[in-house]
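Have a look at work.txt below; it lists compact mmCIF, C-alpha atoms and all ligand atoms.
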```txt
# COMPACT_ATOMS: atom_id res chain seq x y z
CA MET A 1 -23.15 -97.30 -96.87
CA ARG A 2 -22.85 -96.78 -93.16
CA ARG A 3 -26.24 -95.12 -93.07
CA LEU A 4 -27.87 -97.78 -95.18
CA LEU A 5 -26.55 -100.49 -92.91
CA GLY A 6 -27.52 -98.46 -89.87
CA THR A 7 -31.08 -98.35 -91.16
CA ALA A 8 -31.05 -102.07 -91.76
CA ARG A 9 -29.77 -102.76 -88.28
CA LEU A 10 -32.31 -100.50 -86.68
CA SER A 11 -35.21 -102.03 -88.55
CA LEU A 12 -34.03 -105.46 -87.50
CA ALA A 13 -33.71 -104.57 -83.84
CA SER A 14 -36.11 -106.55 -81.70
CA PRO A 15 -36.27 -107.57 -78.06
CA ALA A 16 -35.72 -111.12 -79.24
CA ARG A 17 -32.35 -110.03 -80.54
CA HIS A 18 -30.79 -109.58 -77.13
CA PRO A 19 -27.46 -110.99 -76.00
CA ARG A 20 -29.30 -113.01 -73.35
CA THR A 21 -31.19 -114.85 -76.12
CA ALA A 22 -27.95 -115.39 -77.98
CA VAL A 23 -26.38 -116.80 -74.83
CA VAL A 24 -29.32 -119.12 -74.06
CA ILE A 25 -29.33 -120.58 -77.58
CA GLY A 26 -25.55 -120.46 -77.75
CA ARG A 27 -25.17 -122.67 -74.68
CA LEU A 28 -27.37 -125.38 -76.14
CA LEU A 29 -25.60 -125.07 -79.46
CA GLY A 30 -22.23 -125.35 -77.72
CA VAL A 31 -23.25 -128.55 -75.93
CA ALA A 32 -24.69 -130.02 -79.14
CA PHE A 33 -21.59 -129.17 -81.19
CA LEU A 34 -19.19 -130.54 -78.59
CA THR A 35 -21.18 -133.78 -78.27
CA CYS A 36 -21.28 -134.06 -82.04
CA PHE A 37 -17.53 -133.44 -82.26
CA ALA A 38 -16.58 -135.94 -79.52
CA THR A 39 -18.79 -138.73 -80.90
CA GLY A 40 -17.62 -137.98 -84.44
CA LEU A 41 -14.01 -138.25 -83.33
CA TYR A 42 -14.79 -141.56 -81.64
CA SER A 43 -16.33 -142.90 -84.83
CA HIS A 44 -13.36 -141.67 -86.83
CA LEU A 45 -10.87 -143.36 -84.51
CA ILE A 46 -12.61 -146.74 -84.71
CA GLN A 47 -12.54 -146.59 -88.49
CA ASN A 48 -9.06 -145.04 -88.78
CA PRO A 49 -7.19 -146.30 -85.72
CA LEU A 50 -3.99 -144.73 -84.48
CA PRO A 51 -0.98 -147.03 -84.08
CA GLY A 52 -1.31 -148.91 -80.80
CA GLU A 53 -4.85 -147.66 -80.20
CA ALA A 54 -6.92 -149.59 -77.64
CA PHE A 55 -10.44 -150.59 -78.67
CA LEU A 56 -13.45 -150.60 -76.39
CA THR A 57 -15.48 -153.78 -76.82
CA ARG A 58 -17.87 -153.14 -73.93
CA PRO A 59 -20.53 -152.02 -73.45
CA VAL A 60 -21.66 -153.71 -76.67
CA TRP A 61 -23.92 -150.75 -77.43
CA ILE A 62 -21.28 -148.05 -77.01
CA TYR A 63 -21.01 -147.32 -80.72
CA ARG A 64 -24.77 -147.46 -81.08
CA VAL A 65 -25.22 -144.78 -78.42
CA SER A 66 -22.28 -142.72 -79.55
CA GLN A 67 -23.27 -142.63 -83.21
CA GLY A 68 -26.96 -142.17 -82.37
CA LEU A 69 -25.93 -139.13 -80.33
CA HIS A 70 -23.73 -137.91 -83.16
CA VAL A 71 -26.49 -137.90 -85.74
CA THR A 72 -29.22 -136.74 -83.34
CA THR A 73 -27.22 -133.82 -81.93
CA GLY A 74 -26.16 -132.94 -85.46
CA ILE A 75 -29.80 -132.75 -86.52
CA ALA A 76 -30.63 -130.68 -83.41
CA CYS A 77 -27.84 -128.26 -84.33
CA ILE A 78 -29.68 -127.22 -87.50
CA PRO A 79 -32.65 -125.39 -85.89
CA LEU A 80 -30.43 -124.20 -83.04
CA LEU A 81 -27.93 -122.66 -85.44
CA LEU A 82 -30.68 -121.02 -87.49
CA GLY A 83 -32.21 -119.64 -84.30
CA LYS A 84 -28.89 -118.27 -83.20
CA LEU A 85 -28.32 -116.69 -86.60
CA TYR A 86 -31.73 -115.05 -86.32
CA THR A 87 -30.81 -113.51 -82.98
CA ILE A 88 -27.51 -112.05 -84.10
CA PHE A 89 -28.64 -111.16 -87.62
CA PRO A 90 -28.39 -107.34 -87.17
CA LEU A 91 -24.70 -107.67 -86.32
CA LEU A 92 -24.09 -108.60 -89.94
CA PHE A 93 -24.84 -104.98 -90.75
CA LYS A 94 -22.26 -103.51 -88.43
CA TRP A 95 -20.20 -100.85 -90.16
CA PRO A 96 -17.28 -100.75 -90.53
CA PRO A 97 -17.26 -104.53 -90.26
CA VAL A 98 -13.75 -104.63 -88.82
CA LYS A 99 -12.21 -101.91 -86.70
CA THR A 100 -9.46 -103.50 -84.65
CA LEU A 101 -7.37 -106.64 -84.67
CA GLY A 102 -9.67 -108.02 -81.98
CA SER A 103 -12.75 -107.40 -84.08
CA LEU A 104 -11.04 -109.04 -87.06
CA LEU A 105 -10.52 -112.13 -84.94
CA GLU A 106 -14.08 -111.95 -83.68
CA ARG A 107 -15.72 -111.50 -87.05
CA GLY A 108 -13.32 -113.77 -88.88
CA SER A 109 -13.93 -116.63 -86.47
CA ILE A 110 -17.69 -116.15 -86.71
CA ALA A 111 -17.59 -116.08 -90.50
CA LEU A 112 -15.57 -119.27 -90.49
CA PHE A 113 -17.74 -120.91 -87.85
CA VAL A 114 -21.05 -120.08 -89.50
CA SER A 115 -20.01 -121.00 -93.03
CA SER A 116 -18.25 -124.23 -92.10
CA SER A 117 -21.05 -125.37 -89.77
CA LEU A 118 -23.70 -124.72 -92.38
CA VAL A 119 -21.77 -126.85 -94.86
CA GLN A 120 -21.02 -129.47 -92.20
CA LEU A 121 -24.62 -129.84 -91.07
CA ALA A 122 -25.93 -129.86 -94.63
CA ILE A 123 -23.57 -132.58 -95.90
CA GLY A 124 -24.00 -134.59 -92.69
CA LEU A 125 -27.78 -134.53 -93.01
CA VAL A 126 -27.73 -135.38 -96.69
CA ASN A 127 -25.31 -138.22 -95.94
CA THR A 128 -27.76 -139.85 -93.52
CA TYR A 129 -30.03 -140.29 -96.53
CA GLN A 130 -27.10 -141.80 -98.43
CA TRP A 131 -27.29 -139.11 -101.03
CA TYR A 132 -23.94 -137.75 -102.17
CA PRO A 133 -24.63 -134.89 -104.58
CA TRP A 134 -20.98 -133.78 -104.60
CA HIS A 135 -17.61 -134.80 -105.91
CA PHE A 136 -15.46 -134.80 -102.79
CA GLY A 137 -14.85 -137.59 -100.30
CA PHE A 138 -17.51 -137.11 -97.63
CA ARG A 139 -15.54 -138.58 -94.76
CA GLN A 140 -12.37 -136.56 -95.30
CA VAL A 141 -14.25 -133.28 -95.75
CA HIS A 142 -16.58 -133.90 -92.80
CA TYR A 143 -13.60 -134.76 -90.60
CA ALA A 144 -11.45 -131.80 -91.65
CA LEU A 145 -14.35 -129.35 -91.26
CA SER A 146 -14.97 -130.55 -87.71
CA TYR A 147 -11.58 -129.12 -86.66
CA VAL A 148 -12.26 -125.84 -88.44
CA ILE A 149 -15.58 -125.63 -86.57
CA ILE A 150 -14.22 -126.49 -83.15
CA ALA A 151 -11.24 -124.11 -83.52
CA SER A 152 -13.39 -121.19 -84.70
CA LEU A 153 -15.94 -121.96 -81.98
CA ALA A 154 -13.19 -121.84 -79.34
CA ILE A 155 -12.03 -118.43 -80.63
CA HIS A 156 -15.62 -117.20 -80.76
CA ILE A 157 -16.30 -118.27 -77.17
CA ALA A 158 -13.02 -116.75 -75.95
CA VAL A 159 -13.76 -113.42 -77.64
CA LYS A 160 -17.34 -113.34 -76.38
CA LEU A 161 -16.55 -114.47 -72.85
CA PRO A 162 -17.39 -111.11 -71.24
CA VAL A 163 -20.82 -111.05 -72.94
CA ILE A 164 -21.42 -114.73 -72.13
CA GLU A 165 -20.56 -114.14 -68.47
CA ARG A 166 -22.67 -111.00 -68.26
CA TRP A 167 -25.82 -112.71 -69.57
CA TRP A 168 -25.21 -116.26 -68.31
CA THR A 169 -27.71 -116.30 -65.42
CA LYS A 170 -31.33 -115.29 -65.62
CA LYS A 171 -31.01 -113.41 -62.34
CA ALA A 172 -28.40 -111.06 -63.73
CA SER A 173 -30.34 -110.60 -66.98
CA VAL A 174 -33.78 -109.39 -65.80
CA ASP A 175 -35.20 -106.64 -63.63
CA ALA A 176 -37.71 -107.02 -60.79
CA GLU A 177 -40.59 -107.38 -63.30
CA GLY A 178 -38.79 -110.11 -65.15
CA ASP A 179 -38.07 -107.91 -68.18
CA LEU A 180 -34.69 -108.14 -69.83
CA LEU A 181 -32.29 -105.42 -68.77
CA PRO A 182 -31.22 -103.07 -71.53
CA VAL A 183 -27.84 -103.54 -73.07
CA ARG A 184 -25.27 -100.92 -72.23
CA ASP A 185 -22.22 -100.06 -74.26
CA GLY A 186 -19.54 -102.69 -73.97
CA GLU A 187 -21.99 -105.37 -72.86
CA GLY A 188 -22.50 -106.78 -76.28
CA GLU A 189 -23.65 -105.04 -79.39
CA LEU A 190 -27.07 -106.56 -79.79
CA ALA A 191 -30.12 -104.41 -79.17
CA ARG A 192 -27.89 -101.57 -78.06
CA PRO A 193 -29.56 -98.22 -78.61
CA VAL A 194 -28.24 -96.88 -81.88
CA PRO A 195 -26.03 -93.85 -81.18
CA ALA A 196 -27.11 -90.53 -82.67
CA ASP A 197 -24.40 -90.54 -85.34
CA GLU A 198 -25.47 -93.98 -86.53
CA ARG A 199 -29.14 -93.11 -86.86
CA PRO A 200 -30.34 -92.85 -90.41
CA ARG A 201 -30.66 -89.35 -91.75
CA GLY A 202 -32.56 -87.80 -94.62
CA VAL A 203 -35.85 -89.14 -95.86
CA THR A 204 -35.31 -92.65 -94.47
CA GLY A 205 -34.52 -91.26 -91.06
CA LEU A 206 -37.56 -88.99 -91.11
CA LEU A 207 -39.85 -91.81 -92.16
CA MET A 208 -38.43 -94.11 -89.56
CA ARG A 209 -38.86 -91.53 -86.87
CA LEU A 210 -42.50 -91.12 -87.88
CA ILE A 211 -43.24 -94.82 -87.91
CA ASP A 212 -41.13 -95.86 -85.03
CA THR A 213 -39.24 -93.62 -82.69
CA PRO A 214 -35.66 -94.62 -82.74
CA PRO A 215 -33.64 -95.73 -80.93
CA LYS A 216 -36.26 -97.85 -79.22
CA PRO A 217 -36.64 -101.05 -81.21
CA SER A 218 -40.18 -102.16 -81.89
CA PRO A 219 -41.22 -105.33 -80.03
CA LYS A 220 -42.20 -107.07 -83.27
CA VAL A 221 -41.25 -110.54 -82.27
CA SER A 222 -40.96 -111.28 -78.61
CA ARG A 223 -38.07 -113.13 -77.07
CA ARG A 224 -40.43 -115.81 -75.87
CA THR A 225 -41.69 -116.41 -79.41
CA VAL A 226 -38.18 -116.86 -80.72
CA LEU A 227 -37.02 -119.12 -77.91
CA GLY A 228 -40.27 -121.08 -78.16
CA ALA A 229 -39.92 -121.53 -81.91
CA VAL A 230 -36.31 -122.65 -81.61
CA GLY A 231 -37.22 -125.04 -78.77
CA VAL A 232 -40.18 -126.56 -80.58
CA THR A 233 -38.40 -127.03 -83.91
CA THR A 234 -35.36 -128.55 -82.20
CA ALA A 235 -37.49 -130.94 -80.15
CA ALA A 236 -39.51 -131.82 -83.26
CA ALA A 237 -36.38 -132.52 -85.31
CA VAL A 238 -35.18 -134.90 -82.60
CA VAL A 239 -38.50 -136.61 -81.89
CA LEU A 240 -39.23 -137.12 -85.60
CA THR A 241 -35.87 -138.73 -86.38
CA ALA A 242 -34.30 -140.25 -83.24
CA GLY A 243 -36.57 -143.31 -83.51
CA GLN A 244 -34.11 -144.70 -86.06
CA THR A 245 -31.85 -145.48 -83.12
CA VAL A 246 -34.02 -145.11 -79.98
CA PRO A 247 -36.69 -147.86 -80.10
CA ALA A 248 -38.93 -145.92 -77.68
CA LEU A 249 -39.24 -143.14 -80.27
CA ASP A 250 -39.99 -145.52 -83.14
CA ALA A 251 -43.65 -144.47 -83.29
CA THR A 252 -42.77 -140.82 -83.99
CA ASN A 253 -39.99 -141.60 -86.44
CA ALA A 254 -41.39 -139.88 -89.52
CA PHE A 255 -38.34 -138.40 -91.24
CA ALA A 256 -35.39 -140.68 -90.57
CA PRO A 257 -34.17 -142.76 -93.50
CA ARG A 258 -34.61 -146.05 -91.58
CA LYS A 259 -37.30 -147.57 -89.35
CA GLN A 260 -36.77 -150.14 -86.60
CA ARG A 261 -37.48 -153.70 -87.77
CA TYR A 262 -38.26 -152.51 -91.28
CA GLY A 263 -36.37 -154.81 -93.62
CA PRO A 264 -35.83 -158.50 -94.27
CA GLN A 265 -35.73 -160.51 -91.02
CA SER A 266 -36.75 -157.36 -89.11
CA LEU A 267 -33.49 -155.56 -89.78
CA PRO A 268 -32.95 -152.60 -92.11
CA VAL A 269 -30.64 -153.02 -95.08
CA ASN A 270 -28.23 -150.53 -96.60
CA LYS A 271 -26.76 -152.50 -99.43
CA THR A 272 -28.77 -155.29 -101.01
CA ALA A 273 -27.15 -158.43 -102.41
CA ARG A 274 -28.40 -157.47 -105.85
CA SER A 275 -26.88 -153.98 -105.81
CA ALA A 276 -23.60 -155.42 -104.48
CA GLY A 277 -23.63 -157.90 -107.36
CA VAL A 278 -22.97 -160.90 -105.12
CA ILE A 279 -26.05 -163.11 -105.45
CA ASP A 280 -24.52 -165.71 -107.79
CA ALA A 281 -21.27 -166.03 -105.85
CA ALA A 282 -23.06 -166.05 -102.49
CA ARG A 283 -25.55 -168.74 -103.58
CA SER A 284 -22.99 -170.85 -105.42
CA PRO A 285 -22.38 -174.40 -104.10
CA ASP A 286 -18.69 -173.65 -104.64
CA TRP A 287 -18.71 -171.02 -101.90
CA ARG A 288 -16.01 -171.58 -99.26
CA LEU A 289 -14.82 -169.51 -96.32
CA SER A 290 -11.03 -169.47 -96.34
CA VAL A 291 -9.29 -168.87 -93.05
CA ARG A 292 -5.57 -168.21 -93.05
CA GLY A 293 -3.11 -167.90 -90.19
CA PRO A 294 0.45 -168.73 -89.18
CA ALA A 295 -0.46 -172.44 -89.10
CA GLY A 296 -1.74 -172.48 -92.66
CA MET A 297 -4.98 -172.09 -94.59
CA LEU A 298 -8.29 -173.92 -94.14
CA ARG A 299 -11.36 -173.75 -96.35
CA PHE A 300 -14.83 -174.44 -94.99
CA THR A 301 -18.10 -175.19 -96.72
CA LEU A 302 -21.29 -173.80 -95.25
CA ASP A 303 -22.22 -177.25 -93.92
CA GLU A 304 -18.87 -177.55 -92.19
CA LEU A 305 -19.39 -174.18 -90.52
CA ARG A 306 -22.89 -175.26 -89.44
CA ALA A 307 -21.46 -178.43 -87.94
CA MET A 308 -19.15 -176.43 -85.64
CA PRO A 309 -20.27 -175.34 -82.15
CA GLN A 310 -22.80 -172.51 -82.58
CA THR A 311 -23.05 -169.47 -80.32
CA ASP A 312 -26.01 -167.12 -79.82
CA VAL A 313 -25.45 -163.40 -79.26
CA THR A 314 -27.63 -160.31 -79.24
CA LEU A 315 -25.80 -157.41 -80.83
CA PRO A 316 -26.84 -154.26 -82.64
CA ILE A 317 -26.08 -153.18 -86.15
CA SER A 318 -25.14 -149.51 -85.66
CA CYS A 319 -24.76 -147.69 -88.92
CA VAL A 320 -22.52 -144.63 -89.08
CA GLU A 321 -25.48 -142.90 -90.70
CA GLY A 322 -27.28 -143.02 -87.37
CA TRP A 323 -29.81 -145.87 -87.55
CA SER A 324 -29.34 -148.90 -85.34
CA THR A 325 -31.25 -152.05 -84.41
CA ASN A 326 -30.60 -154.92 -82.03
CA ALA A 327 -30.73 -158.44 -83.46
CA ASP A 328 -30.16 -162.06 -82.46
CA TRP A 329 -27.27 -163.69 -84.24
CA ARG A 330 -26.11 -167.32 -84.32
CA GLY A 331 -22.89 -168.63 -85.75
CA VAL A 332 -19.31 -169.73 -85.15
CA ARG A 333 -17.10 -167.84 -82.73
CA PHE A 334 -14.46 -165.90 -84.61
CA SER A 335 -11.91 -166.81 -81.92
CA HIS A 336 -12.54 -170.50 -82.63
CA LEU A 337 -11.80 -170.11 -86.34
CA ALA A 338 -8.73 -167.99 -85.54
CA SER A 339 -7.37 -170.66 -83.19
CA LEU A 340 -7.76 -173.38 -85.85
CA VAL A 341 -5.12 -171.58 -87.98
CA GLY A 342 -2.91 -170.48 -85.09
CA GLY A 343 -4.13 -166.90 -85.39
CA SER A 344 -5.24 -166.30 -81.80
CA GLY A 345 -4.27 -162.84 -80.61
CA ARG A 346 -3.61 -161.62 -84.16
CA GLU A 347 -5.30 -158.94 -86.17
CA PHE A 348 -7.44 -160.24 -89.04
CA VAL A 349 -8.32 -158.88 -92.45
CA VAL A 350 -11.95 -159.77 -93.21
CA ARG A 351 -12.88 -159.83 -96.89
CA SER A 352 -16.20 -160.00 -98.69
CA ILE A 353 -16.97 -161.61 -102.01
CA GLN A 354 -18.24 -158.16 -102.93
CA LYS A 355 -15.82 -155.88 -104.79
CA GLY A 356 -15.14 -152.25 -104.00
CA ALA A 357 -16.02 -150.06 -101.02
CA TYR A 358 -16.91 -151.74 -97.69
CA SER A 359 -15.68 -155.08 -98.96
CA VAL A 360 -12.79 -155.31 -96.45
CA SER A 361 -12.54 -154.59 -92.74
CA MET A 362 -9.81 -154.95 -90.16
CA LEU A 363 -10.60 -156.88 -87.00
CA GLN A 364 -8.26 -155.96 -84.17
CA PRO A 365 -7.14 -158.65 -81.66
CA ALA A 366 -9.54 -157.37 -78.96
CA PHE A 367 -12.47 -158.20 -81.28
CA VAL A 368 -10.94 -161.42 -82.64
CA GLN A 369 -10.66 -162.82 -79.09
CA ASP A 370 -14.06 -161.51 -77.97
CA PRO A 371 -16.50 -164.39 -77.24
CA LEU A 372 -19.32 -162.28 -78.77
CA THR A 373 -17.64 -161.87 -82.16
CA LEU A 374 -19.16 -164.31 -84.64
CA VAL A 375 -19.07 -165.43 -88.18
CA ALA A 376 -22.86 -165.30 -88.19
CA LEU A 377 -24.91 -167.78 -90.21
CA GLU A 378 -28.34 -166.95 -88.77
CA LEU A 379 -30.25 -163.79 -87.92
CA ASN A 380 -33.35 -163.57 -85.72
CA GLY A 381 -33.89 -167.34 -85.86
CA GLN A 382 -33.52 -167.78 -89.64
CA ILE A 383 -30.75 -168.49 -92.10
CA LEU A 384 -29.23 -165.16 -93.12
CA ASP A 385 -31.17 -163.38 -95.83
CA ASN A 386 -29.22 -162.67 -99.04
CA ASP A 387 -29.33 -158.98 -98.12
CA HIS A 388 -27.92 -159.59 -94.66
CA GLY A 389 -24.81 -161.31 -95.93
CA TYR A 390 -25.72 -164.93 -96.79
CA PRO A 391 -23.96 -167.31 -96.40
CA ALA A 392 -21.89 -165.71 -93.62
CA ARG A 393 -21.26 -162.28 -92.17
CA LEU A 394 -19.17 -160.74 -89.45
CA ILE A 395 -20.86 -159.48 -86.29
CA ALA A 396 -18.85 -158.02 -83.41
CA PRO A 397 -19.71 -155.92 -80.35
CA ALA A 398 -19.17 -152.14 -80.17
CA ARG A 399 -18.24 -151.80 -83.86
CA PRO A 400 -19.70 -149.47 -86.49
CA GLY A 401 -22.05 -151.20 -88.91
CA VAL A 402 -19.80 -150.38 -91.82
CA LEU A 403 -17.16 -152.75 -90.38
CA GLN A 404 -19.61 -155.67 -89.95
CA THR A 405 -18.71 -157.15 -93.30
CA LYS A 406 -21.34 -159.17 -95.21
CA TRP A 407 -20.97 -162.01 -97.74
CA LEU A 408 -17.70 -163.25 -96.24
CA ARG A 409 -15.03 -164.78 -98.42
CA SER A 410 -11.86 -164.90 -96.31
CA LEU A 411 -10.39 -164.23 -92.89
CA GLU A 412 -6.63 -163.68 -92.89
CA ALA A 413 -4.37 -163.22 -89.87
CA ARG A 414 -1.77 -160.50 -90.28
N1 LIG A 501 -19.81 -156.49 -97.96
C1 LIG A 501 -20.47 -155.49 -97.40
N2 LIG A 501 -20.68 -155.49 -96.08
C2 LIG A 501 -21.34 -154.47 -95.50
C3 LIG A 501 -21.83 -153.39 -96.25
C4 LIG A 501 -21.60 -153.40 -97.65
O1 LIG A 501 -21.99 -152.49 -98.39
N3 LIG A 501 -20.93 -154.46 -98.19
N4 LIG A 501 -22.49 -152.36 -95.62
C5 LIG A 501 -22.13 -152.16 -94.23
C6 LIG A 501 -22.93 -151.16 -93.55
S1 LIG A 501 -22.67 -149.54 -94.00
C7 LIG A 501 -23.77 -151.46 -92.52
S2 LIG A 501 -24.53 -150.28 -91.62
C8 LIG A 501 -24.00 -152.86 -92.15
C9 LIG A 501 -25.46 -153.13 -92.07
O2 LIG A 501 -25.98 -152.89 -93.32
P1 LIG A 501 -27.12 -153.84 -93.89
O3 LIG A 501 -28.33 -153.46 -93.15
O4 LIG A 501 -27.13 -153.49 -95.34
O5 LIG A 501 -26.71 -155.23 -93.60
O6 LIG A 501 -23.43 -153.75 -93.06
C10 LIG A 501 -22.13 -153.44 -93.44
N5 LIG A 501 -21.55 -154.51 -94.17
MO MO A 502 -23.55 -148.25 -92.41
```

Encoded form using structure tokens:
Amino acid sequence: MRRLLGTARLSLASPARHPRTAVVIGRLLGVAFLTCFATGLYSHLIQNPLPGEAFLTRPVWIYRVSQGLHVTTGIACIPLLLGKLYTIFPLLFKWPPVKTLGSLLERGSIALFVSSSLVQLAIGLVNTYQWYPWHFGFRQVHYALSYVIIASLAIHIAVKLPVIERWWTKKASVDAEGDLLPVRDGEGELARPVPADERPRGVTGLLMRLIDTPPKPSPKVSRRTVLGAVGVTTAAAVVLTAGQTVPALDATNAFAPRKQRYGPQSLPVNKTARSAGVIDAARSPDWRLSVRGPAGMLRFTLDELRAMPQTDVTLPISCVEGWSTNADWRGVRFSHLASLVGGSGREFVVRSIQKGAYSVSMLQPAFVQDPLTLVALELNGQILDNDHGYPARLIAPARPGVLQTKWLRSLEAR
């Protein structure tokens, strides 16, 4: 077994598989994972607030940027992680896999990190296409896994700190000609000359010695090729998808699930009125918006809402799935409606005529009082399209799209 794995490791040795390469890719991967974790946590806290949590309402685009970063860095993690796995691949054939308690921690944390990140990135990516080919709750699993990943990453970095430090700077990694310095024992296992007792023996060993003199690894794939490939695929993944949230990259947005301005009234749509089953109720002349607060309940027809003072705001829809677009909204200030029922400064429950998921959202006092929060009746200069929430929808600054409830039915102070 040991010999077989030794052979495998030797045949996989390559100058690209050097701890310096692992450190270079690892740094980028670390930054991407931490950004993804922080922005994911932010998104989680807006949707599942802690008691007494304060909400940021400015800048209005904060959620747009944060969630755009979340999805974009998550996508960038995929080629980076694969590149990193390529560089450390031979270590999978280390035998015995675990020698000491320290190595158990090291290998255990890597196993956990690699497996949980692969699952995390895969379900996250698939989720951006609104495809849920599984039977678990995406949000809970994605959230729980993020802690597993960050904890195992912290252990991994702590264990590897000596190697990371040793190969951190370029200066300390290359000789006068610019070639990577060889790895000595204790400086990281990768590309270390295979000790005599680990070299394959017998026929395999003989053959290998004929083809390729061990322990010198053959320069099959150069370090530059690997770093170049990882860099190009990562950049491509970003450039080909980030246009769903960065308007300047719209032209190169080939793979993202949504395009800027592609949808009714120049705004993408997730859930259509038809699929939500709301068209009849939304178009009915009996539609009323009921607003309830400490001072009682009022019910408004669409004409009554239109007769109230109208406010214009420019605010983005920023979907948790990563796409976002700015739009011009016109409607009645939420704070005005709240004050009519004595609900100023209260938290409101906002309900849709739609049933089921996404049909309710909580609007905390900071958003209720915000002059930019509207019960919108118009979008980009036209009466709201059925698919954008006709006759009325909620639009507030700095909130995830999923909380910008469409096809409003009632606003209730708590
Ligand atoms: N009632 C209701 N409101 C809703 C949704 C929904 O499914 N039902 N989808 C939400 C989501 S996930 C987003 S991103 C925004 C924008 O989606 P849209 O483009 O479909 O309007 O609307 C939100 N409001
Ligand atoms: Mo969304």

Interatomic distance (Å, one decimal) between atom C1 of ligand LIG 501 (chain A) and atom CA of A:Asn270: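 Straight-line distance from atom C1 of ligand LIG 501 (chain A) to atom CA of A:Asn270 works out to 9.2 Å.
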
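Distances to A:Gly263 were evaluated for A:Ala151, A:Ile25, A:Thr325, A:Leu41 using only C-alpha atoms, and the minimum falls at A:Thr325.
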
Just want the 12 Å neighbourhood of stretch 46-48 of chain A, counted on all atoms listed in the file, with same-chain residues fewer than 2 positions away dropped. Output as a PyMOL selection string. chain A and resi 39-44+50-57+62-63+66-67+139-140+143+320+358+360-364+367+398-404

Next, the residues of the selection above should be written as an mmCIF file, in the coordinates of the input with C-alpha atoms.
```cif
data_model
loop_
_atom_site.group_PDB
_atom_site.id
_atom_site.type_symbol
_atom_site.label_atom_id
_atom_site.label_comp_id
_atom_site.auth_asym_id
_atom_site.auth_seq_id
_atom_site.Cartn_x
_atom_site.Cartn_y
_atom_site.Cartn_z
ATOM 1 C CA THR A 39 -18.790 -138.730 -80.900
ATOM 2 C CA GLY A 40 -17.620 -137.980 -84.440
ATOM 3 C CA LEU A 41 -14.010 -138.250 -83.330
ATOM 4 C CA TYR A 42 -14.790 -141.560 -81.640
ATOM 5 C CA SER A 43 -16.330 -142.900 -84.830
ATOM 6 C CA HIS A 44 -13.360 -141.670 -86.830
ATOM 7 C CA LEU A 50 -3.990 -144.730 -84.480
ATOM 8 C CA PRO A 51 -0.980 -147.030 -84.080
ATOM 9 C CA GLY A 52 -1.310 -148.910 -80.800
ATOM 10 C CA GLU A 53 -4.850 -147.660 -80.200
ATOM 11 C CA ALA A 54 -6.920 -149.590 -77.640
ATOM 12 C CA PHE A 55 -10.440 -150.590 -78.670
ATOM 13 C CA LEU A 56 -13.450 -150.600 -76.390
ATOM 14 C CA THR A 57 -15.480 -153.780 -76.820
ATOM 15 C CA ILE A 62 -21.280 -148.050 -77.010
ATOM 16 C CA TYR A 63 -21.010 -147.320 -80.720
ATOM 17 C CA SER A 66 -22.280 -142.720 -79.550
ATOM 18 C CA GLN A 67 -23.270 -142.630 -83.210
ATOM 19 C CA ARG A 139 -15.540 -138.580 -94.760
ATOM 20 C CA GLN A 140 -12.370 -136.560 -95.300
ATOM 21 C CA TYR A 143 -13.600 -134.760 -90.600
ATOM 22 C CA VAL A 320 -22.520 -144.630 -89.080
ATOM 23 C CA TYR A 358 -16.910 -151.740 -97.690
ATOM 24 C CA VAL A 360 -12.790 -155.310 -96.450
ATOM 25 C CA SER A 361 -12.540 -154.590 -92.740
ATOM 26 C CA MET A 362 -9.810 -154.950 -90.160
ATOM 27 C CA LEU A 363 -10.600 -156.880 -87.000
ATOM 28 C CA GLN A 364 -8.260 -155.960 -84.170
ATOM 29 C CA PHE A 367 -12.470 -158.200 -81.280
ATOM 30 C CA ALA A 398 -19.170 -152.140 -80.170
ATOM 31 C CA ARG A 399 -18.240 -151.800 -83.860
ATOM 32 C CA PRO A 400 -19.700 -149.470 -86.490
ATOM 33 C CA GLY A 401 -22.050 -151.200 -88.910
ATOM 34 C CA VAL A 402 -19.800 -150.380 -91.820
ATOM 35 C CA LEU A 403 -17.160 -152.750 -90.380
ATOM 36 C CA GLN A 404 -19.610 -155.670 -89.950
#
```

Within 10 Å of ligand LIG 501 (chain A) (all atoms listed in the file), residues as number ranges by chain: A: 130, 258, 263-264, 267-273, 275-276, 278, 316-325, 350-361, 385-389, 393-395, 400-409

Distance atom CA of A:Arg283-atom CA of A:Gly331, one decimal place?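 Atom CA of A:Gly331 lies at a distance of 18.0 Å from atom CA of A:Arg283.
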
Tell me which of A:Ser103, A:Thr314, A:Thr128, A:Thr72 sits closest to ligand MO 502 (chain A), counting all atoms listed in the file. A:Thr128

With a distance cut-off of 10 Å and all atoms listed in the file, select the neighbouring residues of stretch 333-337 of chain A, excluding the residue or stretch itself and same-chain residues fewer than 5 positions from it, and output the selection as a list in words.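 The residues satisfying every condition are Val291, Arg292, Gly293, Leu298, Leu305, Met308, Pro309, Gln310, Thr311, Asp312, Gly342, Gly343, Ser344, Gly345, Pro365, Phe367, Val368, Gln369, Asp370, Pro371, Leu372, Thr373, Leu374, Val375, Ala376, Leu394, Ile395, Ala396 and Leu411 of chain A.
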
Restricting the calculation to all atoms listed in the file, which member of A:Gly296, A:Arg414, A:Glu106, A:Tyr129 is positioned closest to ligand MO 502 (chain A)?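 Result for the nearest residue to ligand MO 502 (chain A): A:Tyr129.
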
Closest of A:Pro162, A:Gly228, A:Gly202, A:Gly178 to A:Arg3, counting all atoms listed in the file, is A:Gly202
